[in-house]
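A.B. asks: One structure coming up, written as C-alpha cells, with questions to follow.
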Amino acid sequence: MQATYTIIVPLFNEEEVVQECYQRLVNTLVPLNEPFEILFVNDGSKDRTAEIVHQICQKDSCVKLIEFARNFGHQIAISAGFDHANGKAVIVIDADLQDPPEAMIPMMERWKQGYDVVYGKRIHRKGETWFKKITAALFYRFLNRMTNIQIPVDVGDFRLIDRKVCLYLRRLPEKHRYVRGLISWLGFKQTYVEYIREKRFAGETKYPLRKMIKLAFDAITSFSIKPLRLATFMGAFFSLGGVIYLAIVFWQTLVQQSTVPGWASLIAINLIFSGVTLLILGIIGEYVGRIYEEVKGRPLYVICNTVGIHESTTITKDHTSIE
Ligand code: UDP
Ligand code: MG
C-alpha cells in the first residue's frame, strides 16, 4: 500500500535523540489516521544510532532504514531519502527535534489545499549561538543577491514536497547539492508555514563551521557564476588604478623631478596583485573542481544496508515517467 506521507529523517551520531524523535513523530502521525512511513537515513553514524533504529524497525513496520557506508553529508542523506520515498507527500525533518513534528500538520493542510511545496519558515530560533544566527541571516541574503532564482530566506530543509516534485528531484544528478535551492529551482506551487525553531533536544550540532562553509560554497557555486565575474571586475578596477598611478609617477618624474626609490610602492602593488590573482585562481579552481566531480559520474552515495526498503519502490534516476 502506498503511504500518504513519507517522513525522511537524516541521522548522524544522533543516539541521544533518535528514540524521542521517533516517539514524537508517531504521536503526531498516528492520530491522522493516514498511512505513513518514517524513513531514517543513517549517514555513517559512529555511535549507537543504527542499533537503536534497528530495534525500532523490529517493533514498527512503518519505520524504514537506509544505512550509508560512510558519512556522505546531510544534503546527500536527504537526497537518498527522496530516492526511496514511497509517500504521496514527502516531509524532511531534522532528528534533533529543532523542527517540531507538530508543525507538519499545517504543512499537510496546505498540501491538501493544492500546494506542491510547503516549506517551514523560522520566525524565531531558540538555543542557537548568535554566531550561527548572524551568519545564517547574512548568508541567505547574500545568496539571494548572487543567484538568479529566488531561494526563500530563513528557511531550512524542513519542508513537505509533493510526490511529483520528489520525482523531479531524483532526476537532478548533481553531486554538490543544495537541496532547498534545487527545490526552488524546480518551481511548482510553493508556500510556507511559520514555526519556531526549538532548542536541540540533546547532543550537539552536527554542523560544525567546516560543514557550514561547505554548504555555503555548494549553494553559491550551484546556482551562480557571479563569483567568476569577480575576476573581470577586479581586473578592470586594478588596471584603471594602475593607469592612474602611472600618470602620477610620470608627473613626479617629469614635472616635480622628485622620484624616490619607490620600492615600497612596488612591493605594495606586487602584493595586491598576487593576492588578487591567487583569489581569482582559487575561485576558478572551485568551479573546475566541481566540474571534475560531476564528470567522474560516481554515485551520490553508497548504501551498505537497508531495512524495509523493497527494490521495487526504489526508483532510480533513469526512470522517465512522472506520475
Ligand atoms: N546530519 C547528517 N549528516 C551530517 C550532518 C548532519 O545526516 O553530516 C543530520 C543530523 O543528524 C540532523 C540534521 O542533519 O538530523 C541537522 O543537523 P544538525 O541538527 O546538527 O544541524 P543544525 O540544526 O545545528 O544546523
Ligand atoms: Mg539541529
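To be explicit about the labels: the chains of the C-alpha cells are called A, B, and onward in the order shown, and within each one the residues are counted from 1, while ligands get numbers from 1 in the order they are shown.
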Please extract the residues at most 9 Å from ligand 2, counting only C-alpha atoms and all ligand atoms, and provide them as a PDB file with all heavy atoms, in the first residue's frame, using the chain letters and residue numbers of this document.

C.D. replies:
ATOM      1  N   ASP A  94      14.591  17.339  10.686  1.00  0.00           N
ATOM      2  CA  ASP A  94      15.819  17.015  11.421  1.00  0.00           C
ATOM      3  C   ASP A  94      15.501  16.072  12.573  1.00  0.00           C
ATOM      4  O   ASP A  94      14.416  16.112  13.132  1.00  0.00           O
ATOM      5  CB  ASP A  94      16.447  18.284  12.002  1.00  0.00           C
ATOM      6  CG  ASP A  94      17.195  19.082  10.955  1.00  0.00           C
ATOM      7  OD1 ASP A  94      17.242  18.634   9.797  1.00  0.00           O
ATOM      8  OD2 ASP A  94      17.726  20.155  11.307  1.00  0.00           O
ATOM      9  N   ALA A  95      16.499  15.286  12.939  1.00  0.00           N
ATOM     10  CA  ALA A  95      16.280  14.318  14.009  1.00  0.00           C
ATOM     11  C   ALA A  95      16.258  14.970  15.381  1.00  0.00           C
ATOM     12  O   ALA A  95      15.696  14.430  16.326  1.00  0.00           O
ATOM     13  CB  ALA A  95      17.379  13.265  13.967  1.00  0.00           C
ATOM     14  N   ASP A  96      16.864  16.123  15.504  1.00  0.00           N
ATOM     15  CA  ASP A  96      17.110  16.665  16.840  1.00  0.00           C
ATOM     16  C   ASP A  96      15.919  17.411  17.430  1.00  0.00           C
ATOM     17  O   ASP A  96      16.038  18.050  18.460  1.00  0.00           O
ATOM     18  CB  ASP A  96      18.340  17.581  16.815  1.00  0.00           C
ATOM     19  CG  ASP A  96      18.180  18.710  15.828  1.00  0.00           C
ATOM     20  OD1 ASP A  96      17.105  18.813  15.209  1.00  0.00           O
ATOM     21  OD2 ASP A  96      19.126  19.498  15.662  1.00  0.00           O
ATOM     22  N   LEU A  97      14.764  17.344  16.750  1.00  0.00           N
ATOM     23  CA  LEU A  97      13.517  17.955  17.217  1.00  0.00           C
ATOM     24  C   LEU A  97      13.596  19.479  17.267  1.00  0.00           C
ATOM     25  O   LEU A  97      12.816  20.122  17.946  1.00  0.00           O
ATOM     26  CB  LEU A  97      13.109  17.393  18.593  1.00  0.00           C
ATOM     27  CG  LEU A  97      12.825  15.878  18.543  1.00  0.00           C
ATOM     28  CD1 LEU A  97      12.707  15.306  19.928  1.00  0.00           C
ATOM     29  CD2 LEU A  97      11.563  15.600  17.745  1.00  0.00           C
ATOM     30  N   GLN A  98      14.563  20.039  16.544  1.00  0.00           N
ATOM     31  CA  GLN A  98      14.577  21.505  16.417  1.00  0.00           C
ATOM     32  C   GLN A  98      13.417  21.946  15.541  1.00  0.00           C
ATOM     33  O   GLN A  98      12.868  23.022  15.716  1.00  0.00           O
ATOM     34  CB  GLN A  98      15.892  21.972  15.798  1.00  0.00           C
ATOM     35  CG  GLN A  98      17.018  22.037  16.791  1.00  0.00           C
ATOM     36  CD  GLN A  98      18.169  22.842  16.233  1.00  0.00           C
ATOM     37  OE1 GLN A  98      18.882  22.383  15.352  1.00  0.00           O
ATOM     38  NE2 GLN A  98      18.350  24.042  16.742  1.00  0.00           N
ATOM     39  N   ASP A  99      13.088  21.093  14.562  1.00  0.00           N
ATOM     40  CA  ASP A  99      11.888  21.323  13.769  1.00  0.00           C
ATOM     41  C   ASP A  99      10.779  20.533  14.451  1.00  0.00           C
ATOM     42  O   ASP A  99      10.792  19.312  14.432  1.00  0.00           O
ATOM     43  CB  ASP A  99      12.050  20.779  12.339  1.00  0.00           C
ATOM     44  CG  ASP A  99      13.333  21.240  11.685  1.00  0.00           C
ATOM     45  OD1 ASP A  99      13.750  22.368  11.952  1.00  0.00           O
ATOM     46  OD2 ASP A  99      13.909  20.459  10.905  1.00  0.00           O
ATOM     47  N   GLU A 198      13.081  25.157  17.692  1.00  0.00           N
ATOM     48  CA  GLU A 198      13.342  24.869  19.100  1.00  0.00           C
ATOM     49  C   GLU A 198      14.822  24.641  19.346  1.00  0.00           C
ATOM     50  O   GLU A 198      15.620  24.558  18.416  1.00  0.00           O
ATOM     51  CB  GLU A 198      12.573  23.603  19.514  1.00  0.00           C
ATOM     52  CG  GLU A 198      11.076  23.702  19.368  1.00  0.00           C
ATOM     53  CD  GLU A 198      10.459  24.673  20.365  1.00  0.00           C
ATOM     54  OE1 GLU A 198      11.074  24.929  21.415  1.00  0.00           O
ATOM     55  OE2 GLU A 198       9.366  25.196  20.079  1.00  0.00           O
ATOM     56  N   LYS A 199      15.131  24.477  20.639  1.00  0.00           N
ATOM     57  CA  LYS A 199      16.489  24.077  21.003  1.00  0.00           C
ATOM     58  C   LYS A 199      16.698  22.620  20.617  1.00  0.00           C
ATOM     59  O   LYS A 199      15.752  21.851  20.550  1.00  0.00           O
ATOM     60  CB  LYS A 199      16.650  24.201  22.514  1.00  0.00           C
ATOM     61  CG  LYS A 199      17.444  25.405  22.921  1.00  0.00           C
ATOM     62  CD  LYS A 199      17.359  25.610  24.396  1.00  0.00           C
ATOM     63  CE  LYS A 199      18.265  24.653  25.155  1.00  0.00           C
ATOM     64  NZ  LYS A 199      18.305  24.974  26.573  1.00  0.00           N
ATOM     65  N   ARG A 200      17.929  22.255  20.386  1.00  0.00           N
ATOM     66  CA  ARG A 200      18.234  20.862  20.139  1.00  0.00           C
ATOM     67  C   ARG A 200      17.791  20.030  21.339  1.00  0.00           C
ATOM     68  O   ARG A 200      18.044  20.414  22.480  1.00  0.00           O
ATOM     69  CB  ARG A 200      19.745  20.726  19.948  1.00  0.00           C
ATOM     70  CG  ARG A 200      20.138  19.568  19.107  1.00  0.00           C
ATOM     71  CD  ARG A 200      21.626  19.628  18.829  1.00  0.00           C
ATOM     72  NE  ARG A 200      21.879  19.120  17.478  1.00  0.00           N
ATOM     73  CZ  ARG A 200      21.805  17.844  17.161  1.00  0.00           C
ATOM     74  NH1 ARG A 200      21.502  16.936  18.067  1.00  0.00           N
ATOM     75  NH2 ARG A 200      22.027  17.455  15.917  1.00  0.00           N
ATOM     76  N   PHE A 201      17.137  18.885  21.096  1.00  0.00           N
ATOM     77  CA  PHE A 201      16.630  18.073  22.206  1.00  0.00           C
ATOM     78  C   PHE A 201      17.785  17.544  23.063  1.00  0.00           C
ATOM     79  O   PHE A 201      17.743  17.578  24.281  1.00  0.00           O
ATOM     80  CB  PHE A 201      15.790  16.916  21.648  1.00  0.00           C
ATOM     81  CG  PHE A 201      15.343  15.951  22.702  1.00  0.00           C
ATOM     82  CD1 PHE A 201      14.373  16.301  23.611  1.00  0.00           C
ATOM     83  CD2 PHE A 201      15.918  14.690  22.783  1.00  0.00           C
ATOM     84  CE1 PHE A 201      13.968  15.415  24.588  1.00  0.00           C
ATOM     85  CE2 PHE A 201      15.522  13.803  23.758  1.00  0.00           C
ATOM     86  CZ  PHE A 201      14.539  14.162  24.663  1.00  0.00           C
ATOM     87  N   GLU A 204      24.888  17.555  20.408  1.00  0.00           N
ATOM     88  CA  GLU A 204      25.286  18.857  19.879  1.00  0.00           C
ATOM     89  C   GLU A 204      25.189  18.878  18.370  1.00  0.00           C
ATOM     90  O   GLU A 204      24.979  17.844  17.737  1.00  0.00           O
ATOM     91  CB  GLU A 204      26.685  19.213  20.356  1.00  0.00           C
ATOM     92  CG  GLU A 204      27.708  18.152  20.042  1.00  0.00           C
ATOM     93  CD  GLU A 204      28.987  18.389  20.819  1.00  0.00           C
ATOM     94  OE1 GLU A 204      28.901  18.786  22.002  1.00  0.00           O
ATOM     95  OE2 GLU A 204      30.059  18.205  20.237  1.00  0.00           O
ATOM     96  N   THR A 205      25.331  20.086  17.814  1.00  0.00           N
ATOM     97  CA  THR A 205      25.142  20.241  16.372  1.00  0.00           C
ATOM     98  C   THR A 205      26.116  19.368  15.586  1.00  0.00           C
ATOM     99  O   THR A 205      27.272  19.184  15.985  1.00  0.00           O
ATOM    100  CB  THR A 205      25.292  21.716  15.950  1.00  0.00           C
ATOM    101  OG1 THR A 205      25.187  21.780  14.538  1.00  0.00           O
ATOM    102  CG2 THR A 205      26.616  22.312  16.372  1.00  0.00           C
ATOM    103  N   LYS A 206      25.624  18.823  14.488  1.00  0.00           N
ATOM    104  CA  LYS A 206      26.476  18.026  13.603  1.00  0.00           C
ATOM    105  C   LYS A 206      26.914  18.881  12.413  1.00  0.00           C
ATOM    106  O   LYS A 206      27.356  18.381  11.404  1.00  0.00           O
ATOM    107  CB  LYS A 206      25.714  16.780  13.125  1.00  0.00           C
ATOM    108  CG  LYS A 206      25.117  15.940  14.260  1.00  0.00           C
ATOM    109  CD  LYS A 206      26.192  15.392  15.173  1.00  0.00           C
ATOM    110  CE  LYS A 206      25.676  14.634  16.379  1.00  0.00           C
ATOM    111  NZ  LYS A 206      24.744  15.275  17.253  1.00  0.00           N
ATOM    112  N   TYR A 207      26.692  20.179  12.561  1.00  0.00           N
ATOM    113  CA  TYR A 207      27.091  21.121  11.523  1.00  0.00           C
ATOM    114  C   TYR A 207      28.164  22.059  12.041  1.00  0.00           C
ATOM    115  O   TYR A 207      27.902  23.207  12.352  1.00  0.00           O
ATOM    116  CB  TYR A 207      25.895  21.953  11.055  1.00  0.00           C
ATOM    117  CG  TYR A 207      25.367  21.518   9.721  1.00  0.00           C
ATOM    118  CD1 TYR A 207      24.317  20.613   9.629  1.00  0.00           C
ATOM    119  CD2 TYR A 207      25.943  21.989   8.545  1.00  0.00           C
ATOM    120  CE1 TYR A 207      23.844  20.187   8.411  1.00  0.00           C
ATOM    121  CE2 TYR A 207      25.473  21.566   7.321  1.00  0.00           C
ATOM    122  CZ  TYR A 207      24.427  20.670   7.260  1.00  0.00           C
ATOM    123  OH  TYR A 207      23.968  20.246   6.046  1.00  0.00           O
TER     124      TYR A 207
END

A.B. asks: Taking the DSSP assignment computed from this structure's backbone, write out as an MDAnalysis selection string all residues of stretch 5-36 of chain A that belong to strand (DSSP E or B).

C.D. replies: chainID A and resid 5:11 36

A.B. asks: Keeping only N, CA and C atoms, take the residues you just selected and write them out as an mmCIF file, in the first residue's frame.

C.D. replies:
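The result, written out as result-v1.cif:
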data_model
loop_
_atom_site.group_PDB
_atom_site.id
_atom_site.type_symbol
_atom_site.label_atom_id
_atom_site.label_comp_id
_atom_site.auth_asym_id
_atom_site.auth_seq_id
_atom_site.Cartn_x
_atom_site.Cartn_y
_atom_site.Cartn_z
ATOM 1 N N TYR A 5 2.145 9.665 3.593
ATOM 2 C CA TYR A 5 3.272 10.510 3.964
ATOM 3 C C TYR A 5 4.536 9.690 4.162
ATOM 4 N N THR A 6 5.637 10.203 3.635
ATOM 5 C CA THR A 6 6.952 9.658 3.974
ATOM 6 C C THR A 6 7.686 10.736 4.750
ATOM 7 N N ILE A 7 8.179 10.387 5.925
ATOM 8 C CA ILE A 7 8.946 11.349 6.716
ATOM 9 C C ILE A 7 10.414 10.941 6.634
ATOM 10 N N ILE A 8 11.234 11.794 6.065
ATOM 11 C CA ILE A 8 12.662 11.493 5.924
ATOM 12 C C ILE A 8 13.418 12.133 7.086
ATOM 13 N N VAL A 9 14.188 11.307 7.802
ATOM 14 C CA VAL A 9 14.958 11.834 8.930
ATOM 15 C C VAL A 9 16.434 11.465 8.747
ATOM 16 N N PRO A 10 17.287 12.430 8.422
ATOM 17 C CA PRO A 10 18.720 12.128 8.322
ATOM 18 C C PRO A 10 19.329 12.022 9.709
ATOM 19 N N LEU A 11 20.228 11.062 9.884
ATOM 20 C CA LEU A 11 20.822 10.836 11.204
ATOM 21 C C LEU A 11 22.328 10.766 11.114
ATOM 22 N N PHE A 36 1.455 6.072 6.841
ATOM 23 C CA PHE A 36 2.712 6.836 6.751
ATOM 24 C C PHE A 36 3.890 5.905 6.884
#

A.B. asks: Got a sec: who's within 10 Å of A:Lys175, counting only C-alpha atoms, leaving out chain neighbours fewer than 5 positions off, as a ChimeraX atom specification?

C.D. replies: /A:75-76,218,222,290-291,293-295,297-301

A.B. asks: Please save C-alpha atoms of the selected residues as a short mmCIF file (atom, residue, chain, number, x, y, z; two decimals), in the first residue's frame.

C.D. replies:
data_model
loop_
_atom_site.label_atom_id
_atom_site.label_comp_id
_atom_site.auth_asym_id
_atom_site.auth_seq_id
_atom_site.Cartn_x
_atom_site.Cartn_y
_atom_site.Cartn_z
CA GLN A 75 22.19 17.03 1.85
CA ILE A 76 23.11 13.66 0.36
CA ASP A 218 27.78 24.41 -2.65
CA SER A 222 25.47 25.53 -7.72
CA ARG A 290 33.17 20.81 -9.23
CA ILE A 291 33.15 20.08 -12.95
CA GLU A 293 33.44 15.81 -9.55
CA GLU A 294 30.43 15.81 -11.85
CA VAL A 295 32.36 14.33 -14.76
CA GLY A 297 29.95 10.28 -12.52
CA ARG A 298 30.26 8.43 -9.25
CA PRO A 299 27.05 7.59 -7.42
CA LEU A 300 25.85 10.15 -4.94
CA TYR A 301 26.03 7.73 -2.02
#

A.B. asks: Check the smallest atom-to-atom distance from each of A:Asp162, A:Glu102, A:Glu109, A:Glu14 to ligand 1 using only C-alpha atoms and all ligand atoms, then report the winner.

C.D. replies: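 Answer, going by the shortest atom-to-atom distance: A:Glu14.
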
A.B. asks: Among stretch 158-199 of chain A, which ones does DSSP assign to helix (DSSP H, G or I) (computed from the backbone)? Answer as a list in words.

C.D. replies: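 Residues meeting the helix (DSSP H, G or I) criterion: Arg163, Lys164, Val165, Cys166, Leu167, Tyr168, Leu169, Arg170, Val179, Arg180, Gly181, Leu182, Ile183, Ser184, Trp185 and Leu186 of chain A.
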
A.B. asks: Next, write the just-selected residues to a file, as a short mmCIF file (atom, residue, chain, number, x, y, z; two decimals), in the first residue's frame, keeping all heavy atoms as the atom set.

C.D. replies:
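Printed below is result-v1.cif as written:
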data_model
loop_
_atom_site.label_atom_id
_atom_site.label_comp_id
_atom_site.auth_asym_id
_atom_site.auth_seq_id
_atom_site.Cartn_x
_atom_site.Cartn_y
_atom_site.Cartn_z
N ARG A 163 4.76 14.32 -4.24
CA ARG A 163 5.48 13.25 -4.92
C ARG A 163 6.04 13.67 -6.27
O ARG A 163 7.14 13.29 -6.65
CB ARG A 163 4.57 12.04 -5.08
CG ARG A 163 5.26 10.87 -5.73
CD ARG A 163 4.54 9.56 -5.51
NE ARG A 163 5.39 8.49 -5.98
CZ ARG A 163 6.38 7.96 -5.29
NH1 ARG A 163 6.67 8.42 -4.09
NH2 ARG A 163 7.12 6.99 -5.78
N LYS A 164 5.29 14.50 -7.00
CA LYS A 164 5.79 14.84 -8.34
C LYS A 164 7.06 15.70 -8.26
O LYS A 164 7.95 15.57 -9.09
CB LYS A 164 4.71 15.51 -9.19
CG LYS A 164 4.07 16.74 -8.67
CD LYS A 164 3.06 17.23 -9.71
CE LYS A 164 2.40 18.52 -9.30
NZ LYS A 164 1.15 18.32 -8.57
N VAL A 165 7.16 16.53 -7.22
CA VAL A 165 8.39 17.31 -7.04
C VAL A 165 9.53 16.36 -6.69
O VAL A 165 10.66 16.48 -7.19
CB VAL A 165 8.20 18.35 -5.92
CG1 VAL A 165 9.44 19.20 -5.75
CG2 VAL A 165 6.98 19.22 -6.20
N CYS A 166 9.21 15.39 -5.85
CA CYS A 166 10.20 14.40 -5.43
C CYS A 166 10.75 13.63 -6.64
O CYS A 166 11.95 13.41 -6.76
CB CYS A 166 9.53 13.47 -4.42
SG CYS A 166 10.59 12.21 -3.77
N LEU A 167 9.85 13.26 -7.55
CA LEU A 167 10.30 12.50 -8.72
C LEU A 167 11.20 13.35 -9.61
O LEU A 167 12.16 12.84 -10.20
CB LEU A 167 9.08 12.01 -9.53
CG LEU A 167 8.22 10.96 -8.82
CD1 LEU A 167 7.09 10.49 -9.71
CD2 LEU A 167 9.06 9.77 -8.38
N TYR A 168 10.92 14.64 -9.67
CA TYR A 168 11.82 15.50 -10.44
C TYR A 168 13.17 15.65 -9.77
O TYR A 168 14.21 15.67 -10.42
CB TYR A 168 11.19 16.88 -10.66
CG TYR A 168 10.47 16.96 -11.99
CD1 TYR A 168 9.09 17.00 -12.06
CD2 TYR A 168 11.20 16.94 -13.17
CE1 TYR A 168 8.44 17.03 -13.27
CE2 TYR A 168 10.56 16.98 -14.39
CZ TYR A 168 9.18 17.03 -14.44
OH TYR A 168 8.55 17.05 -15.64
N LEU A 169 13.15 15.77 -8.44
CA LEU A 169 14.41 15.91 -7.70
C LEU A 169 15.33 14.73 -7.98
O LEU A 169 16.55 14.87 -8.07
CB LEU A 169 14.13 15.97 -6.21
CG LEU A 169 13.89 17.35 -5.61
CD1 LEU A 169 13.60 17.22 -4.13
CD2 LEU A 169 15.09 18.24 -5.84
N ARG A 170 14.74 13.55 -8.11
CA ARG A 170 15.55 12.36 -8.38
C ARG A 170 16.29 12.47 -9.70
O ARG A 170 17.28 11.79 -9.93
CB ARG A 170 14.66 11.12 -8.45
CG ARG A 170 14.11 10.72 -7.12
CD ARG A 170 13.23 9.52 -7.28
NE ARG A 170 12.52 9.25 -6.04
CZ ARG A 170 11.58 8.33 -5.92
NH1 ARG A 170 11.23 7.61 -6.96
NH2 ARG A 170 10.98 8.15 -4.78
N VAL A 179 19.86 21.22 -1.47
CA VAL A 179 18.54 20.69 -1.81
C VAL A 179 17.47 21.78 -1.85
O VAL A 179 16.65 21.83 -2.75
CB VAL A 179 18.14 19.56 -0.83
CG1 VAL A 179 16.72 19.11 -1.08
CG2 VAL A 179 19.10 18.38 -0.98
N ARG A 180 17.52 22.71 -0.86
CA ARG A 180 16.45 23.73 -0.87
C ARG A 180 16.53 24.58 -2.11
O ARG A 180 15.51 25.04 -2.64
CB ARG A 180 16.46 24.59 0.38
CG ARG A 180 17.79 24.81 0.95
CD ARG A 180 17.74 25.20 2.41
NE ARG A 180 18.55 24.29 3.16
CZ ARG A 180 19.31 24.64 4.19
NH1 ARG A 180 19.32 25.88 4.61
NH2 ARG A 180 20.04 23.75 4.81
N GLY A 181 17.77 24.82 -2.59
CA GLY A 181 17.93 25.59 -3.84
C GLY A 181 17.35 24.83 -5.02
O GLY A 181 16.67 25.39 -5.88
N LEU A 182 17.62 23.52 -5.05
CA LEU A 182 17.11 22.70 -6.16
C LEU A 182 15.59 22.73 -6.19
O LEU A 182 14.97 22.81 -7.25
CB LEU A 182 17.59 21.25 -6.01
CG LEU A 182 19.10 21.02 -6.13
CD1 LEU A 182 19.44 19.56 -5.89
CD2 LEU A 182 19.58 21.45 -7.51
N ILE A 183 14.98 22.69 -5.00
CA ILE A 183 13.51 22.70 -4.94
C ILE A 183 12.99 24.06 -5.42
O ILE A 183 12.01 24.12 -6.16
CB ILE A 183 13.02 22.35 -3.52
CG1 ILE A 183 13.41 20.91 -3.20
CG2 ILE A 183 11.51 22.54 -3.40
CD1 ILE A 183 13.06 20.44 -1.81
N SER A 184 13.67 25.14 -5.05
CA SER A 184 13.25 26.46 -5.55
C SER A 184 13.39 26.50 -7.06
O SER A 184 12.55 27.06 -7.76
CB SER A 184 14.12 27.57 -4.95
OG SER A 184 13.97 27.60 -3.58
N TRP A 185 14.48 25.93 -7.55
CA TRP A 185 14.75 25.94 -8.99
C TRP A 185 13.64 25.22 -9.75
O TRP A 185 13.26 25.64 -10.84
CB TRP A 185 16.11 25.28 -9.25
CG TRP A 185 16.50 25.24 -10.68
CD1 TRP A 185 17.16 26.22 -11.38
CD2 TRP A 185 16.27 24.17 -11.60
NE1 TRP A 185 17.33 25.82 -12.66
CE2 TRP A 185 16.80 24.57 -12.84
CE3 TRP A 185 15.67 22.91 -11.50
CZ2 TRP A 185 16.75 23.76 -13.98
CZ3 TRP A 185 15.61 22.11 -12.62
CH2 TRP A 185 16.15 22.54 -13.84
N LEU A 186 13.11 24.14 -9.14
CA LEU A 186 12.07 23.37 -9.81
C LEU A 186 10.78 24.17 -9.98
O LEU A 186 10.02 23.94 -10.93
CB LEU A 186 11.75 22.09 -9.02
CG LEU A 186 12.75 20.95 -9.16
CD1 LEU A 186 12.39 19.84 -8.20
CD2 LEU A 186 12.74 20.42 -10.59
#

A.B. asks: Have a look at A:Tyr195, A:Phe223, A:Phe188, A:Tyr245 and name the one nearest to A:Gly114; count only C-alpha atoms.

C.D. replies: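 The closest residue to A:Gly114 is A:Phe188.
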
A.B. asks: Neighbours of A:Lys189 within 9 Å (only C-alpha atoms; same-chain residues fewer than 3 positions away dropped), as a PyMOL selection string?

C.D. replies: chain A and resi 114-118

A.B. asks: Smallest atom-to-atom distance to A:Phe82: which of A:Val276, A:Leu228, A:Leu172, A:Leu138, using only C-alpha atoms?

C.D. replies: A:Leu172

A.B. asks: Between atom CA of A:Leu279 and atom CA of A:Ile244, measure the distance and give it in Å to one decimal.

C.D. replies: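 Atom CA of A:Leu279 sits 23.5 Å away from atom CA of A:Ile244.
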
A.B. asks: For atom CA of A:Asp157 and atom CA of A:Gln58, determine how far apart the two atoms are, in Å to one decimal place.

C.D. replies: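 Separation of atom CA of A:Asp157 and atom CA of A:Gln58: 28.3 Å.
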
A.B. asks: Expressed in Å to a single decimal, how great is the separation between atom CA of A:Trp111 and atom CA of A:Leu32?

C.D. replies: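 Going from atom CA of A:Trp111 over to atom CA of A:Leu32, I get 14.4 Å.
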